[in-house]
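I have placed the structure first, in the form of structure tokens, so that the comments after it can refer back to it.
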Amino acid sequence: MSDLFQVPWSDYRPDLLDALWRTLSYTVVSFVGAVLLGLAVALLRLSRAWPLRAVAAVYTELFKNIPLLAIIFLAYFGLASAGIRLDVFTAGCLSLVVFYAAYLSEIFRSAISGVHTGQTEAGQALGLGRAGIFRHIVLPQAVRQALPGTNTMLVDLLKSTSLLVTVSAAELMSEGRLITSATFRALEVYLVISAIYFALCYPLSQLLLLLERKVRAGVPLSPWRRRRLRAARALLAQDPPATAVSADVKAGAV
């Protein structure tokens, strides 16, 4: 075991920090893009126009059944051979976005469809339009149902950035390959890289699990909603109890 840890990690610290930053950049940009595209595809799947539903269904089934590695090669090498040259960051993010948007669209579609139709009818009875019903009634309830699957996809996307090593994306796995080539200490290097991924993914998964529990418990997350809840509680605290009010009414009647 004394021969295991002999890589001068202090020499590679700046490069590892830069690779870590790139990994997080790929994750954040790709996840935001995948959520937006996945929501758009989910709404198309729920559209009343069958051509839109057909296009969304083809997209979903296409990218769900193609390996992510093949999509990365198509985005970086395939498009370049057709005269469309993308830099490695754009190609990597594009690959992750189109791949994970297909899975997120199914999660979002299921969550939106899971909201009872009575909720929509109640919104219509209140005079809300389709946009208002979706924003104020359907979307908040769908978010609660979509959180578990969405959280899983985020952690999986973070781990999948390691596949970008195939296009030398300068993320953690690419940096590990460079360090291995310089030191010939593959076991030690990839143990450390794996430990870094674990240090990223495990706390993230636990934070997302905590967020899911808070949302399911009805804890308001935005400052605006927390202020409204505090104001409502303060208003209720100022009102006299119903029993005292009824007693005062009876005494006045006597």
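In the structure tokens, the first chain shown is A, the next is B, and so on; residue numbers restart at 1 for each chain, and ligands run from 1 in the order shown.
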Give me the region 59-177 of chain A side of the contact with region 6-29 of chain A, cut-off 10 Å, one line per residue showing its nearest atom pair and distance in Å at one decimal, counting only C-alpha atoms, sorted by chain and residue number, as a Markdown table.
```
| residue | atom | partner | partner_atom | distance |
| --- | --- | --- | --- | --- |
| A:Phe89 | CA | A:Tyr26 | CA | 7.5 |
| A:Thr90 | CA | A:Tyr26 | CA | 9.2 |
| A:Gly92 | CA | A:Tyr26 | CA | 7.4 |
| A:Cys93 | CA | A:Tyr26 | CA | 6.0 |
| A:Leu94 | CA | A:Val29 | CA | 9.5 |
| A:Leu96 | CA | A:Tyr26 | CA | 8.5 |
| A:Val97 | CA | A:Val29 | CA | 8.6 |
| A:Leu154 | CA | A:Thr27 | CA | 7.9 |
| A:Val155 | CA | A:Thr27 | CA | 9.1 |
| A:Asp156 | CA | A:Thr27 | CA | 9.8 |
| A:Leu157 | CA | A:Thr27 | CA | 6.6 |
| A:Leu158 | CA | A:Thr27 | CA | 5.5 |
| A:Lys159 | CA | A:Thr27 | CA | 8.9 |
| A:Ser160 | CA | A:Thr27 | CA | 9.0 |
| A:Thr161 | CA | A:Thr23 | CA | 6.6 |
| A:Ser162 | CA | A:Thr23 | CA | 8.2 |
| A:Leu164 | CA | A:Thr23 | CA | 9.6 |
| A:Ala169 | CA | A:Arg22 | CA | 8.4 |
| A:Ala170 | CA | A:Ala19 | CA | 5.8 |
| A:Glu171 | CA | A:Ala19 | CA | 4.3 |
| A:Leu172 | CA | A:Ala19 | CA | 4.9 |
| A:Met173 | CA | A:Ala19 | CA | 8.3 |
| A:Ser174 | CA | A:Ala19 | CA | 8.0 |
| A:Glu175 | CA | A:Ala19 | CA | 6.5 |
| A:Gly176 | CA | A:Leu16 | CA | 8.3 |
```
Inset, instruction - Figure out the distance between CA of Leu210 (chain A) and CA of Leu43 (chain A), please, to one decimal in Å. - result: 28.0 Å
Legend entry - Computed interatomic separation between CA of Arg53 (chain A) and CA of Ala111 (chain A) (Å): 16.9 Å
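With only C-alpha atoms taken into account, the protein and nucleic acid residues at most 12 Å from Val115 (chain A) (excluding it and anything under 4 positions from it in its own chain) are Phe108, Arg109, Ser110, Ala111, Gln119, Thr120, Glu121, Ile133, Phe134, Ile137, Val138, Leu139, Pro140, Gln141, Ala142, Val143, Arg144, Gln145 and Ala146 of chain A.
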DSSP-assigned alpha helix (DSSP H) members of region 13-133 of chain A, reported as a PDB file with C-alpha atoms, in the first residue's frame:
```
ATOM      1  CA  ARG A  13      -4.134  20.850  -8.027  1.00  0.00           C
ATOM      2  CA  PRO A  14      -4.723  23.868 -10.328  1.00  0.00           C
ATOM      3  CA  ASP A  15      -5.563  21.583 -13.252  1.00  0.00           C
ATOM      4  CA  LEU A  16      -7.916  19.502 -11.109  1.00  0.00           C
ATOM      5  CA  LEU A  17      -9.695  22.613  -9.851  1.00  0.00           C
ATOM      6  CA  ASP A  18     -10.101  23.843 -13.418  1.00  0.00           C
ATOM      7  CA  ALA A  19     -11.434  20.418 -14.450  1.00  0.00           C
ATOM      8  CA  LEU A  20     -13.834  20.462 -11.504  1.00  0.00           C
ATOM      9  CA  TRP A  21     -15.113  23.874 -12.573  1.00  0.00           C
ATOM     10  CA  ARG A  22     -15.637  22.634 -16.116  1.00  0.00           C
ATOM     11  CA  THR A  23     -17.506  19.585 -14.854  1.00  0.00           C
ATOM     12  CA  LEU A  24     -19.849  21.762 -12.816  1.00  0.00           C
ATOM     13  CA  SER A  25     -20.286  24.121 -15.780  1.00  0.00           C
ATOM     14  CA  TYR A  26     -21.277  21.248 -18.051  1.00  0.00           C
ATOM     15  CA  THR A  27     -23.710  20.039 -15.408  1.00  0.00           C
ATOM     16  CA  VAL A  28     -25.427  23.352 -14.695  1.00  0.00           C
ATOM     17  CA  VAL A  29     -25.734  24.516 -18.304  1.00  0.00           C
ATOM     18  CA  SER A  30     -26.882  21.116 -19.561  1.00  0.00           C
ATOM     19  CA  PHE A  31     -29.402  20.594 -16.772  1.00  0.00           C
ATOM     20  CA  VAL A  32     -31.013  24.003 -17.258  1.00  0.00           C
ATOM     21  CA  GLY A  33     -31.239  23.401 -21.000  1.00  0.00           C
ATOM     22  CA  ALA A  34     -32.606  19.881 -20.501  1.00  0.00           C
ATOM     23  CA  VAL A  35     -35.297  21.115 -18.089  1.00  0.00           C
ATOM     24  CA  LEU A  36     -36.465  23.844 -20.472  1.00  0.00           C
ATOM     25  CA  LEU A  37     -36.446  21.572 -23.525  1.00  0.00           C
ATOM     26  CA  GLY A  38     -37.999  18.701 -21.579  1.00  0.00           C
ATOM     27  CA  LEU A  39     -40.844  20.911 -20.368  1.00  0.00           C
ATOM     28  CA  ALA A  40     -41.471  22.144 -23.906  1.00  0.00           C
ATOM     29  CA  VAL A  41     -41.558  18.583 -25.245  1.00  0.00           C
ATOM     30  CA  ALA A  42     -43.874  17.501 -22.408  1.00  0.00           C
ATOM     31  CA  LEU A  43     -46.313  20.298 -23.250  1.00  0.00           C
ATOM     32  CA  LEU A  44     -46.206  19.259 -26.894  1.00  0.00           C
ATOM     33  CA  ARG A  45     -46.991  15.675 -25.863  1.00  0.00           C
ATOM     34  CA  TRP A  50     -51.863  15.480 -33.041  1.00  0.00           C
ATOM     35  CA  PRO A  51     -48.983  16.648 -35.331  1.00  0.00           C
ATOM     36  CA  LEU A  52     -47.322  18.319 -32.327  1.00  0.00           C
ATOM     37  CA  ARG A  53     -47.870  15.214 -30.222  1.00  0.00           C
ATOM     38  CA  ALA A  54     -46.371  13.069 -32.968  1.00  0.00           C
ATOM     39  CA  VAL A  55     -43.257  15.234 -33.294  1.00  0.00           C
ATOM     40  CA  ALA A  56     -42.717  15.230 -29.533  1.00  0.00           C
ATOM     41  CA  ALA A  57     -43.236  11.462 -29.336  1.00  0.00           C
ATOM     42  CA  VAL A  58     -40.708  10.838 -32.121  1.00  0.00           C
ATOM     43  CA  TYR A  59     -38.154  13.045 -30.369  1.00  0.00           C
ATOM     44  CA  THR A  60     -38.666  11.315 -27.042  1.00  0.00           C
ATOM     45  CA  GLU A  61     -38.446   7.785 -28.390  1.00  0.00           C
ATOM     46  CA  LEU A  62     -35.494   8.637 -30.629  1.00  0.00           C
ATOM     47  CA  PHE A  63     -33.191  10.047 -27.982  1.00  0.00           C
ATOM     48  CA  LYS A  64     -34.300   7.609 -25.286  1.00  0.00           C
ATOM     49  CA  LEU A  68     -25.375   9.083 -24.936  1.00  0.00           C
ATOM     50  CA  LEU A  69     -21.897   8.266 -26.241  1.00  0.00           C
ATOM     51  CA  ALA A  70     -23.240   8.015 -29.787  1.00  0.00           C
ATOM     52  CA  ILE A  71     -24.954  11.401 -29.405  1.00  0.00           C
ATOM     53  CA  ILE A  72     -21.675  12.933 -28.216  1.00  0.00           C
ATOM     54  CA  PHE A  73     -19.845  11.567 -31.253  1.00  0.00           C
ATOM     55  CA  LEU A  79     -21.660  17.607 -37.391  1.00  0.00           C
ATOM     56  CA  ALA A  80     -18.061  18.632 -38.116  1.00  0.00           C
ATOM     57  CA  SER A  81     -17.940  16.256 -41.091  1.00  0.00           C
ATOM     58  CA  VAL A  88     -16.172  21.028 -27.327  1.00  0.00           C
ATOM     59  CA  PHE A  89     -18.194  22.849 -24.647  1.00  0.00           C
ATOM     60  CA  THR A  90     -21.111  23.522 -26.989  1.00  0.00           C
ATOM     61  CA  ALA A  91     -21.069  20.000 -28.391  1.00  0.00           C
ATOM     62  CA  GLY A  92     -20.884  18.468 -24.927  1.00  0.00           C
ATOM     63  CA  CYS A  93     -23.732  20.556 -23.532  1.00  0.00           C
ATOM     64  CA  LEU A  94     -25.854  19.982 -26.635  1.00  0.00           C
ATOM     65  CA  SER A  95     -25.406  16.220 -26.329  1.00  0.00           C
ATOM     66  CA  LEU A  96     -26.392  16.188 -22.663  1.00  0.00           C
ATOM     67  CA  VAL A  97     -29.347  18.511 -23.236  1.00  0.00           C
ATOM     68  CA  VAL A  98     -31.003  16.543 -26.051  1.00  0.00           C
ATOM     69  CA  PHE A  99     -30.390  13.223 -24.270  1.00  0.00           C
ATOM     70  CA  TYR A 100     -31.707  14.144 -20.823  1.00  0.00           C
ATOM     71  CA  ALA A 101     -34.537  16.313 -22.162  1.00  0.00           C
ATOM     72  CA  ALA A 102     -36.094  13.143 -23.580  1.00  0.00           C
ATOM     73  CA  TYR A 103     -36.210  11.532 -20.126  1.00  0.00           C
ATOM     74  CA  LEU A 104     -37.237  14.715 -18.326  1.00  0.00           C
ATOM     75  CA  SER A 105     -40.090  15.242 -20.789  1.00  0.00           C
ATOM     76  CA  GLU A 106     -41.563  11.897 -19.744  1.00  0.00           C
ATOM     77  CA  ILE A 107     -41.199  12.818 -16.074  1.00  0.00           C
ATOM     78  CA  PHE A 108     -42.850  16.199 -16.623  1.00  0.00           C
ATOM     79  CA  ARG A 109     -45.613  14.754 -18.798  1.00  0.00           C
ATOM     80  CA  SER A 110     -46.471  12.175 -16.160  1.00  0.00           C
ATOM     81  CA  ALA A 111     -46.438  14.797 -13.395  1.00  0.00           C
ATOM     82  CA  ILE A 112     -48.674  17.215 -15.320  1.00  0.00           C
ATOM     83  CA  SER A 113     -51.075  14.437 -16.295  1.00  0.00           C
ATOM     84  CA  THR A 117     -58.882  17.344 -13.779  1.00  0.00           C
ATOM     85  CA  GLY A 118     -61.039  18.713 -10.983  1.00  0.00           C
ATOM     86  CA  GLN A 119     -58.267  21.186 -10.220  1.00  0.00           C
ATOM     87  CA  THR A 120     -58.484  22.556 -13.754  1.00  0.00           C
ATOM     88  CA  GLU A 121     -62.261  22.750 -13.577  1.00  0.00           C
ATOM     89  CA  ALA A 122     -62.014  24.649 -10.286  1.00  0.00           C
ATOM     90  CA  GLY A 123     -59.651  27.140 -11.924  1.00  0.00           C
ATOM     91  CA  GLN A 124     -62.076  27.614 -14.795  1.00  0.00           C
ATOM     92  CA  ALA A 125     -64.885  28.206 -12.320  1.00  0.00           C
ATOM     93  CA  ARG A 130     -55.450  28.377 -19.498  1.00  0.00           C
ATOM     94  CA  ALA A 131     -52.152  30.121 -18.735  1.00  0.00           C
ATOM     95  CA  GLY A 132     -53.297  31.110 -15.262  1.00  0.00           C
ATOM     96  CA  ILE A 133     -54.560  27.619 -14.485  1.00  0.00           C
TER      97      ILE A 133
END
```
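Note that CA of Gly129 (chain A) and CA of Val219 (chain A) are 27.3 Å apart.
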Inset, instruction - Fewer than 5 positions away in the same chain doesn't count, so skip those; otherwise give me all residues within 9 Å of Val189 (chain A), counting only C-alpha atoms, as a ChimeraX atom specification. - result: /A:5,7,176-177,179-180,183-184,194
Can you spit out the residues from that selection as a tab-separated table (two decimals), in the first residue's frame, using all heavy atoms?
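Result file out34.tsv:
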```tsv
chain	number	residue	atom	x	y	z
A	5	PHE	N	0.12	5.65	-3.14
A	5	PHE	CA	-0.07	7.09	-3.21
A	5	PHE	C	1.27	7.79	-3.42
A	5	PHE	O	1.93	8.21	-2.47
A	5	PHE	CB	-0.76	7.60	-1.94
A	5	PHE	CG	-2.13	7.01	-1.74
A	5	PHE	CD1	-2.32	5.98	-0.83
A	5	PHE	CD2	-3.21	7.45	-2.48
A	5	PHE	CE1	-3.58	5.43	-0.65
A	5	PHE	CE2	-4.47	6.90	-2.31
A	5	PHE	CZ	-4.65	5.88	-1.40
A	7	VAL	N	1.59	9.91	-6.45
A	7	VAL	CA	1.37	10.98	-7.43
A	7	VAL	C	1.51	12.32	-6.72
A	7	VAL	O	0.90	12.54	-5.66
A	7	VAL	CB	-0.02	10.86	-8.06
A	7	VAL	CG1	-0.30	12.06	-8.97
A	7	VAL	CG2	-0.13	9.57	-8.84
A	176	GLY	N	-8.01	13.30	-15.38
A	176	GLY	CA	-7.49	12.05	-14.84
A	176	GLY	C	-6.70	11.27	-15.88
A	176	GLY	O	-5.66	10.67	-15.58
A	177	ARG	N	-7.20	11.27	-17.11
A	177	ARG	CA	-6.47	10.57	-18.18
A	177	ARG	C	-5.12	11.23	-18.45
A	177	ARG	O	-4.11	10.53	-18.66
A	177	ARG	CB	-7.31	10.56	-19.45
A	177	ARG	CG	-6.70	9.74	-20.58
A	177	ARG	CD	-7.61	9.68	-21.79
A	177	ARG	NE	-7.82	11.00	-22.39
A	177	ARG	CZ	-8.52	11.21	-23.50
A	177	ARG	NH1	-9.11	10.19	-24.10
A	177	ARG	NH2	-8.66	12.42	-23.98
A	179	ILE	N	-3.29	12.95	-16.26
A	179	ILE	CA	-2.41	12.66	-15.13
A	179	ILE	C	-1.91	11.22	-15.20
A	179	ILE	O	-0.75	10.93	-14.91
A	179	ILE	CB	-3.14	12.92	-13.80
A	179	ILE	CG1	-3.53	14.40	-13.68
A	179	ILE	CG2	-2.27	12.52	-12.61
A	179	ILE	CD1	-4.36	14.72	-12.47
A	180	THR	N	-2.78	10.31	-15.62
A	180	THR	CA	-2.36	8.91	-15.78
A	180	THR	C	-1.28	8.78	-16.84
A	180	THR	O	-0.31	8.02	-16.65
A	180	THR	CB	-3.58	8.05	-16.15
A	180	THR	OG1	-4.57	8.15	-15.12
A	180	THR	CG2	-3.18	6.59	-16.31
A	183	THR	N	2.01	10.06	-15.21
A	183	THR	CA	2.55	9.38	-14.03
A	183	THR	C	2.53	7.85	-14.13
A	183	THR	O	3.22	7.19	-13.34
A	183	THR	CB	1.76	9.79	-12.78
A	183	THR	OG1	0.38	9.39	-12.94
A	183	THR	CG2	1.83	11.30	-12.58
A	184	PHE	N	1.71	7.31	-15.02
A	184	PHE	CA	1.52	5.86	-15.14
A	184	PHE	C	1.02	5.24	-13.83
A	184	PHE	O	1.35	4.11	-13.50
A	184	PHE	CB	2.83	5.17	-15.57
A	184	PHE	CG	3.34	5.66	-16.89
A	184	PHE	CD1	4.39	6.59	-16.92
A	184	PHE	CD2	2.80	5.24	-18.09
A	184	PHE	CE1	4.88	7.06	-18.13
A	184	PHE	CE2	3.27	5.71	-19.30
A	184	PHE	CZ	4.32	6.63	-19.33
A	194	SER	N	-12.58	9.06	-8.86
A	194	SER	CA	-13.85	8.48	-8.40
A	194	SER	C	-14.28	9.08	-7.07
A	194	SER	O	-15.47	9.34	-6.85
A	194	SER	CB	-13.71	6.96	-8.27
A	194	SER	OG	-13.38	6.38	-9.51
```
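Closest approach to Leu207 (chain A) among A:Arg233, A:Arg185, A:Gln238, A:Asn151: A:Asn151, based on only C-alpha atoms.
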